[in-house]
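Q: Following this line is structure-v5.txt, made up of compact mmCIF, C-alpha atoms and all ligand atoms:
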```txt
# COMPACT_ATOMS: atom_id res chain seq x y z
CA MET A 16 92.91 102.67 -98.35
CA GLU A 17 93.82 105.30 -95.79
CA LYS A 18 90.62 107.18 -96.55
CA PHE A 19 88.55 104.55 -94.77
CA GLU A 20 90.70 103.99 -91.68
CA LYS A 21 88.45 106.22 -89.61
CA LEU A 22 85.56 103.96 -90.48
CA MET A 23 86.94 100.43 -90.74
CA GLY A 24 89.03 98.27 -88.41
CA ARG A 25 88.17 100.34 -85.37
CA ARG A 26 89.66 98.87 -82.19
CA ASP A 27 87.20 100.77 -80.00
CA LEU A 28 84.33 98.71 -81.38
CA ALA A 29 85.88 95.42 -80.26
CA ASN A 30 83.86 95.71 -77.04
CA PHE A 31 80.68 95.75 -79.08
CA LEU A 32 81.17 93.56 -82.17
CA THR A 33 82.23 89.95 -82.68
CA ALA A 34 84.76 88.97 -85.35
CA GLU A 35 81.85 87.83 -87.53
CA GLN A 36 80.08 91.17 -87.10
CA PHE A 37 83.28 93.01 -88.05
CA GLU A 38 83.52 90.84 -91.17
CA PHE A 39 79.89 91.56 -92.05
CA ARG A 40 80.51 95.29 -91.59
CA ASP A 41 83.55 95.03 -93.89
CA SER A 42 81.54 93.16 -96.52
CA VAL A 43 78.89 95.90 -96.58
CA HIS A 44 81.67 98.44 -97.10
CA ARG A 45 83.26 96.43 -99.92
CA ALA A 46 79.97 96.00 -101.78
CA LEU A 47 78.92 99.65 -101.44
CA SER A 48 82.39 100.97 -102.34
CA GLN A 49 81.98 99.17 -105.63
CA HIS A 50 78.36 100.03 -106.41
CA ALA A 51 77.39 103.20 -104.52
CA THR A 52 79.93 105.34 -106.30
CA PRO A 53 79.86 109.14 -105.88
CA GLU A 54 78.85 109.43 -109.57
CA TYR A 55 75.95 107.00 -109.15
CA LEU A 56 74.72 108.77 -106.03
CA ARG A 57 75.03 112.21 -107.59
CA GLU A 58 73.07 111.16 -110.70
CA HIS A 59 70.18 109.76 -108.67
CA ASP A 60 70.19 112.68 -106.24
CA GLU A 61 70.14 115.24 -109.06
CA ASN A 62 67.49 113.41 -111.09
CA LYS A 63 65.43 112.49 -108.03
CA THR A 64 65.38 108.86 -109.16
CA PHE A 65 65.08 105.79 -106.97
CA PRO A 66 68.37 103.82 -106.76
CA ARG A 67 66.93 100.48 -108.01
CA GLU A 68 70.31 98.89 -108.63
CA LEU A 69 71.41 99.55 -105.05
CA ILE A 70 68.14 98.21 -103.67
CA GLU A 71 68.66 95.04 -105.73
CA LEU A 72 72.20 94.81 -104.39
CA MET A 73 70.88 95.11 -100.83
CA ALA A 74 68.39 92.33 -101.55
CA GLN A 75 71.02 90.05 -103.14
CA GLN A 76 73.36 90.58 -100.21
CA GLY A 77 70.60 89.60 -97.79
CA TRP A 78 70.67 92.95 -95.99
CA PHE A 79 66.86 93.23 -95.88
CA ALA A 80 66.86 90.09 -93.71
CA VAL A 81 68.97 91.62 -90.94
CA THR A 82 67.14 91.66 -87.54
CA LEU A 83 64.10 89.73 -88.86
CA PRO A 84 63.35 86.41 -87.12
CA GLU A 85 64.90 83.30 -88.69
CA GLU A 86 61.49 81.65 -89.18
CA TYR A 87 60.71 84.34 -91.78
CA GLY A 88 64.09 84.13 -93.48
CA GLY A 89 65.75 86.69 -91.21
CA VAL A 90 69.30 86.72 -89.94
CA GLY A 91 71.39 88.55 -87.33
CA GLY A 92 70.44 91.01 -84.64
CA TYR A 93 70.80 94.64 -83.61
CA MET A 94 74.61 94.57 -83.39
CA ASP A 95 74.74 93.33 -86.99
CA MET A 96 72.31 96.11 -87.84
CA ILE A 97 74.31 98.86 -86.20
CA GLY A 98 77.53 97.96 -88.00
CA MET A 99 75.71 97.64 -91.30
CA LEU A 100 73.88 100.96 -90.92
CA GLU A 101 76.98 102.88 -89.93
CA VAL A 102 78.74 101.73 -93.08
CA MET A 103 75.64 102.19 -95.24
CA GLY A 104 75.27 105.71 -93.85
CA TYR A 105 78.89 106.37 -94.76
CA HIS A 106 78.01 105.72 -98.40
CA SER A 107 74.47 107.08 -98.46
CA SER A 108 72.36 108.17 -95.52
CA THR A 109 69.31 108.18 -97.80
CA LEU A 110 69.77 104.53 -98.70
CA ALA A 111 70.30 103.63 -95.04
CA ARG A 112 67.19 105.58 -94.00
CA TYR A 113 65.22 103.58 -96.56
CA TRP A 114 66.43 100.32 -94.99
CA ASN A 115 65.53 101.62 -91.56
CA ILE A 116 61.95 102.42 -92.52
CA ASN A 117 61.40 99.10 -94.26
CA VAL A 118 63.04 96.65 -91.92
CA ASN A 119 63.66 98.24 -88.54
CA MET A 120 60.47 100.25 -88.29
CA VAL A 121 57.72 98.58 -90.30
CA GLY A 122 59.30 95.11 -90.36
CA GLY A 123 59.97 95.38 -86.62
CA ALA A 124 56.40 96.52 -85.92
CA LEU A 125 54.96 93.65 -87.94
CA VAL A 126 57.14 91.11 -86.11
CA GLN A 127 55.88 92.40 -82.76
CA LEU A 128 52.29 93.20 -83.54
CA ALA A 129 50.87 91.79 -86.79
CA SER A 130 48.56 88.79 -87.20
CA PRO A 131 50.18 85.43 -88.09
CA GLU A 132 48.65 85.72 -91.60
CA ILE A 133 50.23 89.14 -92.29
CA LYS A 134 53.59 88.00 -90.92
CA GLN A 135 53.56 84.83 -93.01
CA GLU A 136 52.59 86.72 -96.14
CA LEU A 137 54.93 89.71 -95.90
CA LEU A 138 57.97 89.08 -93.70
CA PRO A 139 59.62 86.44 -95.96
CA LYS A 140 59.14 88.81 -98.92
CA LEU A 141 60.63 91.69 -96.96
CA ALA A 142 63.64 89.55 -95.99
CA GLU A 143 64.23 88.94 -99.70
CA GLY A 144 63.75 92.59 -100.64
CA LYS A 145 60.65 91.78 -102.67
CA THR A 146 58.13 93.96 -100.89
CA PHE A 147 58.48 97.47 -99.55
CA PHE A 148 56.89 99.65 -96.88
CA SER A 149 56.54 103.17 -95.64
CA PHE A 150 55.58 104.41 -92.19
CA ALA A 151 52.92 107.13 -91.92
CA LEU A 152 52.67 108.91 -88.59
CA SER A 153 53.28 112.65 -89.19
CA GLU A 154 50.63 115.11 -90.35
CA ASN A 155 50.60 118.82 -91.05
CA GLY A 156 49.24 119.59 -87.59
CA ALA A 157 50.89 116.64 -85.83
CA GLY A 158 54.70 116.56 -86.03
CA SER A 159 56.52 116.53 -82.70
CA ASP A 160 53.09 116.23 -81.10
CA ALA A 161 52.36 113.16 -83.22
CA ALA A 162 49.67 111.82 -80.88
CA SER A 163 47.40 114.69 -81.89
CA LEU A 164 47.01 113.05 -85.31
CA ARG A 165 43.61 113.40 -86.97
CA THR A 166 43.58 110.94 -89.87
CA SER A 167 40.55 108.82 -89.11
CA ALA A 168 39.58 105.21 -89.76
CA GLU A 169 35.92 104.38 -89.19
CA ARG A 170 34.72 100.81 -89.04
CA ASP A 171 32.27 99.89 -91.84
CA GLY A 172 31.42 96.15 -91.88
CA ASP A 173 34.63 94.24 -92.48
CA SER A 174 36.56 97.37 -93.51
CA PHE A 175 37.85 100.67 -92.21
CA ILE A 176 37.14 103.87 -94.16
CA VAL A 177 40.19 106.13 -93.97
CA ASN A 178 40.13 109.93 -94.38
CA GLY A 179 42.89 112.46 -93.78
CA THR A 180 46.33 113.64 -94.88
CA LYS A 181 49.77 112.42 -93.86
CA MET A 182 52.93 114.44 -94.53
CA TRP A 183 56.60 113.66 -95.23
CA ILE A 184 56.07 109.92 -95.58
CA THR A 185 59.33 108.58 -96.98
CA GLY A 186 59.41 105.80 -99.56
CA SER A 187 55.67 105.84 -100.27
CA VAL A 188 56.11 105.89 -104.06
CA GLN A 189 57.71 102.43 -103.94
CA ALA A 190 55.80 101.09 -100.92
CA ASN A 191 53.55 98.07 -101.48
CA HIS A 192 52.06 98.71 -98.04
CA ILE A 193 51.93 101.77 -95.78
CA LEU A 194 51.82 101.30 -92.01
CA LEU A 195 49.37 104.02 -91.06
CA ALA A 196 48.78 105.48 -87.60
CA CYS A 197 45.16 106.64 -87.49
CA ARG A 198 42.42 107.56 -85.08
CA THR A 199 39.85 104.79 -84.66
CA GLU A 200 38.14 106.26 -81.61
CA LYS A 201 37.94 109.64 -79.91
CA GLY A 202 39.37 108.60 -76.55
CA GLU A 203 39.64 110.54 -73.29
CA GLY A 204 43.16 111.69 -74.14
CA LYS A 205 44.96 112.14 -77.45
CA HIS A 206 47.12 109.02 -76.87
CA GLU A 207 44.06 106.81 -76.74
CA GLY A 208 42.05 105.62 -79.71
CA ILE A 209 44.98 105.38 -82.13
CA SER A 210 45.41 102.22 -84.22
CA LEU A 211 47.82 100.93 -86.85
CA LEU A 212 46.56 99.82 -90.25
CA LEU A 213 48.65 98.23 -92.98
CA VAL A 214 47.23 99.94 -96.06
CA PRO A 215 47.92 98.28 -99.44
CA ASN A 216 49.38 100.68 -101.98
CA PRO A 217 47.74 101.42 -104.36
CA THR A 218 44.30 101.60 -102.76
CA PRO A 219 41.35 103.45 -104.35
CA GLY A 220 40.95 106.78 -102.51
CA LEU A 221 44.67 107.06 -101.65
CA GLU A 222 46.77 109.60 -103.52
CA VAL A 223 50.58 109.70 -103.10
CA ARG A 224 52.30 112.98 -103.97
CA PRO A 225 56.10 113.42 -103.68
CA ILE A 226 57.24 116.63 -101.93
CA ASP A 227 60.29 118.61 -103.05
CA LEU A 228 62.88 118.82 -100.27
CA LEU A 229 66.40 120.12 -99.71
CA GLY A 230 68.09 116.71 -99.88
CA GLY A 231 67.67 112.94 -99.84
CA HIS A 232 66.16 113.08 -103.33
CA MET A 233 66.77 109.40 -104.22
CA VAL A 234 63.90 108.32 -101.98
CA ARG A 235 61.03 110.80 -102.06
CA SER A 236 59.04 111.82 -99.01
CA CYS A 237 55.36 112.20 -99.81
CA GLU A 238 52.02 113.69 -98.91
CA LEU A 239 49.36 110.99 -98.62
CA ASN A 240 45.74 111.95 -99.16
CA PHE A 241 43.08 109.52 -98.05
CA VAL A 242 39.54 110.17 -99.26
CA ASN A 243 37.13 107.41 -98.21
CA ALA A 244 39.85 104.83 -98.78
CA ARG A 245 38.56 101.37 -97.86
CA VAL A 246 41.02 99.13 -95.99
CA PRO A 247 40.08 95.56 -94.98
CA ALA A 248 39.77 95.19 -91.19
CA ARG A 249 42.15 92.20 -91.29
CA GLN A 250 44.91 94.75 -92.07
CA LEU A 251 44.80 95.99 -88.46
CA VAL A 252 48.25 95.65 -86.87
CA GLY A 253 48.28 95.23 -83.09
CA ASP A 254 45.38 96.01 -80.77
CA LEU A 255 42.54 98.29 -81.78
CA HIS A 256 42.84 101.76 -80.16
CA ARG A 257 46.18 100.86 -78.45
CA GLY A 258 48.46 101.83 -81.32
CA TRP A 259 50.21 104.70 -79.53
CA VAL A 260 51.60 102.60 -76.69
CA GLN A 261 52.58 99.92 -79.18
CA LEU A 262 54.44 102.44 -81.34
CA MET A 263 56.76 103.52 -78.53
CA GLY A 264 59.08 100.52 -78.88
CA VAL A 265 59.33 101.16 -82.62
CA LEU A 266 60.42 104.78 -82.10
CA ALA A 267 63.26 103.95 -79.64
CA LYS A 268 64.64 101.44 -82.15
CA GLU A 269 64.44 104.08 -84.86
CA ARG A 270 66.65 106.47 -82.89
CA ILE A 271 69.38 103.88 -82.44
CA ALA A 272 69.36 103.07 -86.14
CA LEU A 273 69.36 106.74 -87.16
CA SER A 274 72.26 107.54 -84.83
CA ALA A 275 74.43 104.87 -86.50
CA ILE A 276 73.48 106.10 -89.97
CA VAL A 277 74.40 109.65 -89.00
CA VAL A 278 77.74 108.62 -87.48
CA GLY A 279 78.67 106.95 -90.77
CA ALA A 280 77.56 109.95 -92.82
CA ALA A 281 79.47 112.37 -90.57
CA GLN A 282 82.61 110.23 -90.94
CA ALA A 283 82.25 110.35 -94.72
CA ALA A 284 81.97 114.14 -94.66
CA LEU A 285 85.01 114.43 -92.39
CA ASP A 286 87.06 112.04 -94.52
CA GLN A 287 86.36 114.20 -97.54
CA ALA A 288 87.37 117.41 -95.72
CA LEU A 289 90.50 115.74 -94.39
CA GLU A 290 91.61 114.44 -97.76
CA TYR A 291 90.96 117.85 -99.31
CA ALA A 292 92.83 119.69 -96.56
CA ARG A 293 95.89 117.49 -97.05
CA GLU A 294 95.97 118.10 -100.79
CA ARG A 295 94.96 121.75 -101.01
CA LYS A 296 97.93 124.13 -100.97
CA GLN A 297 97.77 127.83 -100.13
CA PHE A 298 100.64 130.12 -99.12
CA GLY A 299 102.97 127.38 -100.31
CA ARG A 300 101.78 124.71 -97.89
CA SER A 301 99.03 122.25 -97.36
CA ILE A 302 96.10 123.91 -95.58
CA SER A 303 95.99 120.97 -93.12
CA SER A 304 99.28 122.30 -91.71
CA PHE A 305 97.48 125.42 -90.45
CA GLN A 306 96.52 124.92 -86.85
CA ALA A 307 93.19 126.64 -87.44
CA ILE A 308 92.34 123.81 -89.85
CA ASN A 309 93.90 120.79 -88.17
CA HIS A 310 92.46 121.59 -84.75
CA LYS A 311 89.07 121.76 -86.38
CA LEU A 312 89.62 118.33 -87.94
CA VAL A 313 90.76 116.91 -84.60
CA GLU A 314 87.72 118.26 -82.78
CA LEU A 315 85.33 116.95 -85.41
CA GLN A 316 86.86 113.45 -85.40
CA THR A 317 86.65 113.40 -81.60
CA GLN A 318 83.01 114.40 -81.69
CA ILE A 319 82.26 111.70 -84.27
CA ASP A 320 84.00 109.10 -82.11
CA CYS A 321 81.86 110.16 -79.12
CA ALA A 322 78.73 109.89 -81.25
CA ARG A 323 79.82 106.45 -82.45
CA LEU A 324 80.31 105.18 -78.91
CA LEU A 325 76.92 106.54 -77.80
CA SER A 326 75.33 104.87 -80.77
CA TYR A 327 76.96 101.46 -80.19
CA ARG A 328 76.16 101.71 -76.48
CA GLY A 329 72.48 102.25 -77.29
CA ALA A 330 72.52 99.33 -79.72
CA ALA A 331 74.14 97.05 -77.13
CA LEU A 332 71.34 97.87 -74.67
CA LEU A 333 68.73 97.24 -77.34
CA ALA A 334 70.39 93.97 -78.37
CA SER A 335 70.40 92.72 -74.77
CA GLY A 336 66.72 93.52 -74.39
CA GLN A 337 67.23 96.41 -71.96
CA LYS A 338 65.42 99.74 -71.89
CA CYS A 339 67.25 102.37 -73.92
CA ASN A 340 64.87 105.32 -74.21
CA PHE A 341 67.31 107.71 -72.54
CA GLU A 342 70.42 106.39 -74.29
CA SER A 343 68.79 106.21 -77.73
CA ALA A 344 67.66 109.84 -77.41
CA GLN A 345 71.18 110.88 -76.38
CA ALA A 346 72.77 108.98 -79.25
CA LYS A 347 70.39 110.40 -81.85
CA PHE A 348 70.54 114.08 -80.89
CA PHE A 349 74.30 114.04 -80.38
CA ALA A 350 74.94 112.28 -83.71
CA GLY A 351 72.57 114.67 -85.52
CA ASP A 352 74.30 117.75 -84.10
CA THR A 353 77.69 116.23 -84.90
CA TYR A 354 76.86 115.56 -88.55
CA MET A 355 75.52 119.10 -88.96
CA LYS A 356 78.69 120.54 -87.46
CA VAL A 357 80.96 118.34 -89.59
CA ALA A 358 79.06 119.30 -92.74
CA MET A 359 79.28 123.03 -91.93
CA GLU A 360 82.94 123.00 -90.93
CA GLY A 361 83.85 120.52 -93.66
CA LEU A 362 82.38 122.82 -96.26
CA GLN A 363 84.29 125.74 -94.76
CA ILE A 364 87.54 123.77 -94.93
CA MET A 365 86.91 123.10 -98.63
CA GLY A 366 86.18 126.74 -99.42
CA ALA A 367 84.48 127.34 -102.79
CA ASN A 368 84.96 123.70 -103.79
CA GLY A 369 82.88 122.69 -100.79
CA TYR A 370 80.11 124.95 -102.08
CA SER A 371 80.29 123.56 -105.62
CA MET A 372 78.08 120.75 -106.87
CA GLU A 373 81.15 118.81 -108.02
CA TYR A 374 82.03 117.54 -104.55
CA SER A 375 79.71 115.57 -102.30
CA MET A 376 80.24 117.99 -99.38
CA GLN A 377 77.25 120.00 -100.65
CA ARG A 378 75.15 116.83 -100.37
CA HIS A 379 76.27 116.36 -96.77
CA PHE A 380 75.45 120.01 -96.11
CA ARG A 381 71.91 119.49 -97.43
CA GLU A 382 71.35 116.06 -95.91
CA ALA A 383 72.79 116.63 -92.43
CA LYS A 384 70.05 119.06 -91.43
CA VAL A 385 67.27 116.55 -91.72
CA PHE A 386 68.73 114.42 -88.93
CA GLN A 387 68.10 117.24 -86.46
CA ILE A 388 64.44 117.07 -87.50
CA LEU A 389 63.22 113.56 -88.34
CA GLY A 390 62.98 110.69 -85.89
CA GLY A 391 62.47 113.23 -83.08
CA THR A 392 63.84 116.78 -83.33
CA GLY A 393 66.86 117.72 -81.24
CA GLU A 394 64.59 119.66 -78.90
CA ILE A 395 62.13 116.80 -78.39
CA LEU A 396 64.94 114.32 -77.72
CA ARG A 397 66.41 116.69 -75.12
CA ASN A 398 62.94 116.83 -73.55
CA VAL A 399 62.87 113.02 -73.38
CA ILE A 400 66.25 112.98 -71.64
CA ALA A 401 65.35 115.86 -69.33
CA ARG A 402 62.27 114.00 -68.10
CA ASP A 403 64.55 111.24 -66.76
CA LEU A 404 67.49 113.41 -65.79
CA VAL A 405 65.75 116.33 -64.13
CA GLY A 406 62.45 114.66 -63.30
C1 LIG A 501 62.94 114.26 -95.00
C2 LIG A 501 61.91 113.90 -93.98
C3 LIG A 501 61.43 112.61 -93.95
C4 LIG A 501 60.44 112.25 -93.04
N1 LIG A 501 59.93 110.98 -93.09
C5 LIG A 501 58.87 110.67 -92.30
C6 LIG A 501 58.23 109.39 -92.43
O1 LIG A 501 58.64 108.54 -93.21
N2 LIG A 501 57.14 109.14 -91.65
C7 LIG A 501 56.65 110.05 -90.76
O2 LIG A 501 55.66 109.76 -90.09
N3 LIG A 501 57.23 111.28 -90.62
C8 LIG A 501 58.31 111.60 -91.37
N4 LIG A 501 58.91 112.83 -91.26
C9 LIG A 501 58.34 113.84 -90.34
C10 LIG A 501 59.19 114.05 -89.07
O3 LIG A 501 59.05 112.96 -88.22
C11 LIG A 501 58.73 115.38 -88.47
O4 LIG A 501 59.20 116.39 -89.34
C12 LIG A 501 59.26 115.60 -87.07
O5 LIG A 501 58.60 114.73 -86.16
C13 LIG A 501 59.07 117.06 -86.60
O6 LIG A 501 57.78 117.50 -86.81
P1 LIG A 501 57.51 118.89 -87.57
O7 LIG A 501 58.38 118.92 -88.78
O8 LIG A 501 56.05 119.00 -87.79
O9 LIG A 501 58.03 120.01 -86.61
P2 LIG A 501 57.22 120.69 -85.35
O10 LIG A 501 56.74 119.62 -84.44
O11 LIG A 501 56.23 121.64 -85.92
O12 LIG A 501 58.39 121.47 -84.67
C14 LIG A 501 58.85 122.74 -85.11
C15 LIG A 501 59.94 123.21 -84.15
O13 LIG A 501 59.39 123.35 -82.83
C16 LIG A 501 60.12 122.57 -81.92
N5 LIG A 501 59.24 122.02 -80.88
C17 LIG A 501 58.02 121.44 -81.03
N6 LIG A 501 57.54 121.04 -79.86
C18 LIG A 501 58.47 121.35 -78.92
C19 LIG A 501 58.56 121.18 -77.51
N7 LIG A 501 57.60 120.56 -76.80
N8 LIG A 501 59.67 121.63 -76.88
C20 LIG A 501 60.68 122.23 -77.56
N9 LIG A 501 60.64 122.43 -78.91
C21 LIG A 501 59.55 122.00 -79.58
C22 LIG A 501 60.73 121.45 -82.75
O14 LIG A 501 61.86 120.86 -82.10
C23 LIG A 501 61.09 122.19 -84.03
O15 LIG A 501 62.30 122.86 -83.87
C24 LIG A 501 59.93 113.22 -92.13
C25 LIG A 501 60.45 114.52 -92.14
C26 LIG A 501 61.43 114.87 -93.05
C27 LIG A 501 61.93 116.29 -93.07
```
Can I see the file as structure tokens?
A:
Amino acid sequence: MEKFEKLMGRRDLANFLTAEQFEFRDSVHRALSQHATPEYLREHDENKTFPRELIELMAQQGWFAVTLPEEYGGVGGYMDMIGMLEVMGYHSSTLARYWNINVNMVGGALVQLASPEIKQELLPKLAEGKTFFSFALSENGAGSDAASLRTSAERDGDSFIVNGTKMWITGSVQANHILLACRTEKGEGKHEGISLLLVPNPTPGLEVRPIDLLGGHMVRSCELNFVNARVPARQLVGDLHRGWVQLMGVLAKERIALSAIVVGAAQAALDQALEYARERKQFGRSISSFQAINHKLVELQTQIDCARLLSYRGAALLASGQKCNFESAQAKFFAGDTYMKVAMEGLQIMGANGYSMEYSMQRHFREAKVFQILGGTGEILRNVIARDLVG
């Protein structure tokens, strides 16, 4: 269908993807076109209900296994991931974000850092989509400055006693375990004395409360309250007190994944605006024939293509084991700004229909904003780049 030409069969990605990876990307698109229909997505977004059927589909298709090591049932690498996430983001950025938290962030952290027992117990289940995670770093007083986190974990025999509050933690209602960044020691500096604990959910003393947000309602973000919650010491992930340094690799990977998700979502928003502009007639002609409209569409598509190339470039560096801090920050902030612009201009092109709840442009308008905030705000990512660029 013409509608998807901007997304599928892209010649410019031939430098990045193998024939097999293109086929995988196509298969994700075919499956989601059938099951993640606009009606299904709207119903779950409006009712704030978890898209169980889509999660089951993802599990059946083996998508939870992507990037995990083969010995735990995993398959494929970061280039498979990037193609999959772009297409998943095209259909639902919320669904793709959920995958990213489970597999790329927590799954990836467990692969790198967890004990053999934890890996053996949980990674095969994750690969099959039978266990779920959330990732708890942010707090009310520790957002961009995440290392100033205050949630504490004090050693008590063979346990840690956790106290504190985490904010905005996505997917915690469904999570069987929460990867928690907490302070295990008051070090010299704020980056020292942080550790990672894999907290079973539920745990006595842990309360999970969904927060109402502007968008992304299918997977709720939550406040987590820990009051003397006891977590077995064997649930420590990585080295005691060295959690901050160990988290850094996880965050760079997150930016690459988010940039691909956002590129897909921006393309979906543009495709909708384009289709509408072709069909909508005013003054006896299609509004896409007005230069004011078609130049806008051209500029937006060009910006999306730039964001896509930045995103695939970052993924290629990641896949070949190279450093990509700079490139991942570029890809993420540029893709986030692009999606926001496409959603704003796309809504403008659709006039009142863009503003109505009947079309999914309103969902893009609500969901785009979050990508300039989570996974590193646009300002923080520019700071990261400036440190390298300007010195
Ligand atoms: C829908 C959603 C889901 C989320 N999911 C998760 C999750 O699963 N797990 C998790 O741990 N967190 C999650 N977060 C939290 C997210 O990571 C934080 O919102 C983000 O890091 C920004 O922190 P903040 O919101 O506290 O903003 P602040 O850090 O308070 O920033 C406010 C403003 O100040 C600017 N600013 C701050 N410092 C600087 C600086 N040094 N230079 C220039 N500008 C600056 C920021 O860019 C921003 O514009 C989620 C957030 C949202 C909205």
Q: Counting only C-alpha atoms, which residues in stretch 51-98 of chain A sit no more than 9 Å from stretch 235-238 of chain A? For each one, give the nearest pair of atoms and the distance in Å, sorted by chain then residue number, as a tab-separated table.
A:
```
residue	atom	partner	partner_atom	distance
A:Lys63	CA	A:Arg235	CA	7.6
A:Thr64	CA	A:Arg235	CA	8.5
A:Phe65	CA	A:Arg235	CA	8.1
```
Q: Write out, as a short mmCIF file (atom, residue, chain, number, x, y, z; two decimals), in the frame of the given file, the residues just selected, with C-alpha atoms.
A:
```cif
data_model
loop_
_atom_site.label_atom_id
_atom_site.label_comp_id
_atom_site.auth_asym_id
_atom_site.auth_seq_id
_atom_site.Cartn_x
_atom_site.Cartn_y
_atom_site.Cartn_z
CA LYS A 63 65.43 112.49 -108.03
CA THR A 64 65.38 108.86 -109.16
CA PHE A 65 65.08 105.79 -106.97
#
```
Q: Pick from A:Ala161, A:Leu332, A:Met99, A:Leu22: nearest to A:Asp320, with all atoms listed in the file counted?
A: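 Counting all atoms listed in the file, the residue closest to A:Asp320 is A:Leu22.
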Q: All residues within 8 Å of ligand LIG 501 (chain A) are required, counting only C-alpha atoms and all ligand atoms; please report them as a ChimeraX atom specification.
A: /A:116,149-161,181-186,228,230-231,236,385,388-395,398
Q: For atom CA of A:Ala196 and atom CA of A:Asn115, determine how far apart the two atoms are, in Å to one decimal place.
A: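 It comes out at 17.6 Å.
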Q: What gap, in Å, lies between atom CA of A:Glu294 and atom CA of A:Ser48?
A: 21.9 Å
Q: Report, in Å to a single decimal, how far apart atom CA of A:Gly98 and atom CA of A:Thr33 are.
A: 10.7 Å
Q: Might I get the box with edges along x, y and z of the file that holds all atoms of stretch 119-123 of chain A listed there, padded by 4 Å on every side, given as centre and edge lengths in Å to one decimal, as AutoDock Vina command-line options?
A:
```
--center_x 60.7 --center_y 97.7 --center_z -88.5 --size_x 13.9 --size_y 13.1 --size_z 11.7
```
Q: Excluding A:Lys384 and its own-chain neighbours fewer than 6 positions away, which residues fall within 12 Å of it when counting all atoms listed in the file? Please give them as an MDAnalysis selection string.
A: chainID A and resid 108 228:231 277 280:281 348 350:359 377:378 392:393
Q: Select all residues near (72.9, 107.4, -86.6) (cut-off 8 Å, inclusive, file coordinates), counting only C-alpha atoms, and output them as a PyMOL selection string.
A: chain A and resi 100-101+104+270-279+326+346-347+350-351
Q: Nearest to A:Leu69: which of A:Ala190, A:Met233, A:Met120, A:Ala283 is it, counting only C-alpha atoms?
A: A:Met233
Q: Would you kindly return, as a list of chain:residue names, each protein, DNA or RNA residue with an atom no farther than 12 Å from any atom of A:Met23, considering all atoms listed in the file and excluding same-chain residues fewer than 4 positions away?
A: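 What passes the distance filter is A:Met16, A:Glu17, A:Lys18, A:Phe19, A:Asp27, A:Leu28, A:Ala29, A:Phe37, A:Glu38, A:Phe39, A:Arg40, A:Asp41, A:Ser42, A:Val43, A:His44, A:Arg45, A:Gly98, A:Met99, A:Glu101, A:Val102, A:Tyr105, A:Gly279, A:Gln282, A:Ala283.
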Q: Taking into account all atoms listed in the file, which residue in the set A:Leu128, A:Ile400, A:Ile364, A:Val214 is nearest to A:Val260?
A: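 Looking at the shortest contact to A:Val260, the residue is A:Leu128.
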Q: Taking only C-alpha atoms into account, which of A:Glu382, A:Glu360, A:Glu86, A:Glu342 comes nearest A:Leu404?
A: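 Nearest to A:Leu404: A:Glu342.
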Q: With 12 Å as the threshold, what does the neighbourhood of (45.7, 96.0, -83.2) contain in terms of residues, counting all atoms listed in the file? Coordinates are those of the file; answer as a VMD selection string.
A: chain A and resid 124 to 125 127 to 130 194 to 197 199 208 to 213 248 to 262
Q: Tell me which of A:Tyr87, A:Glu373, A:Trp114, A:Val246 sits closest to A:Asp173, counting only C-alpha atoms.
A: A:Val246
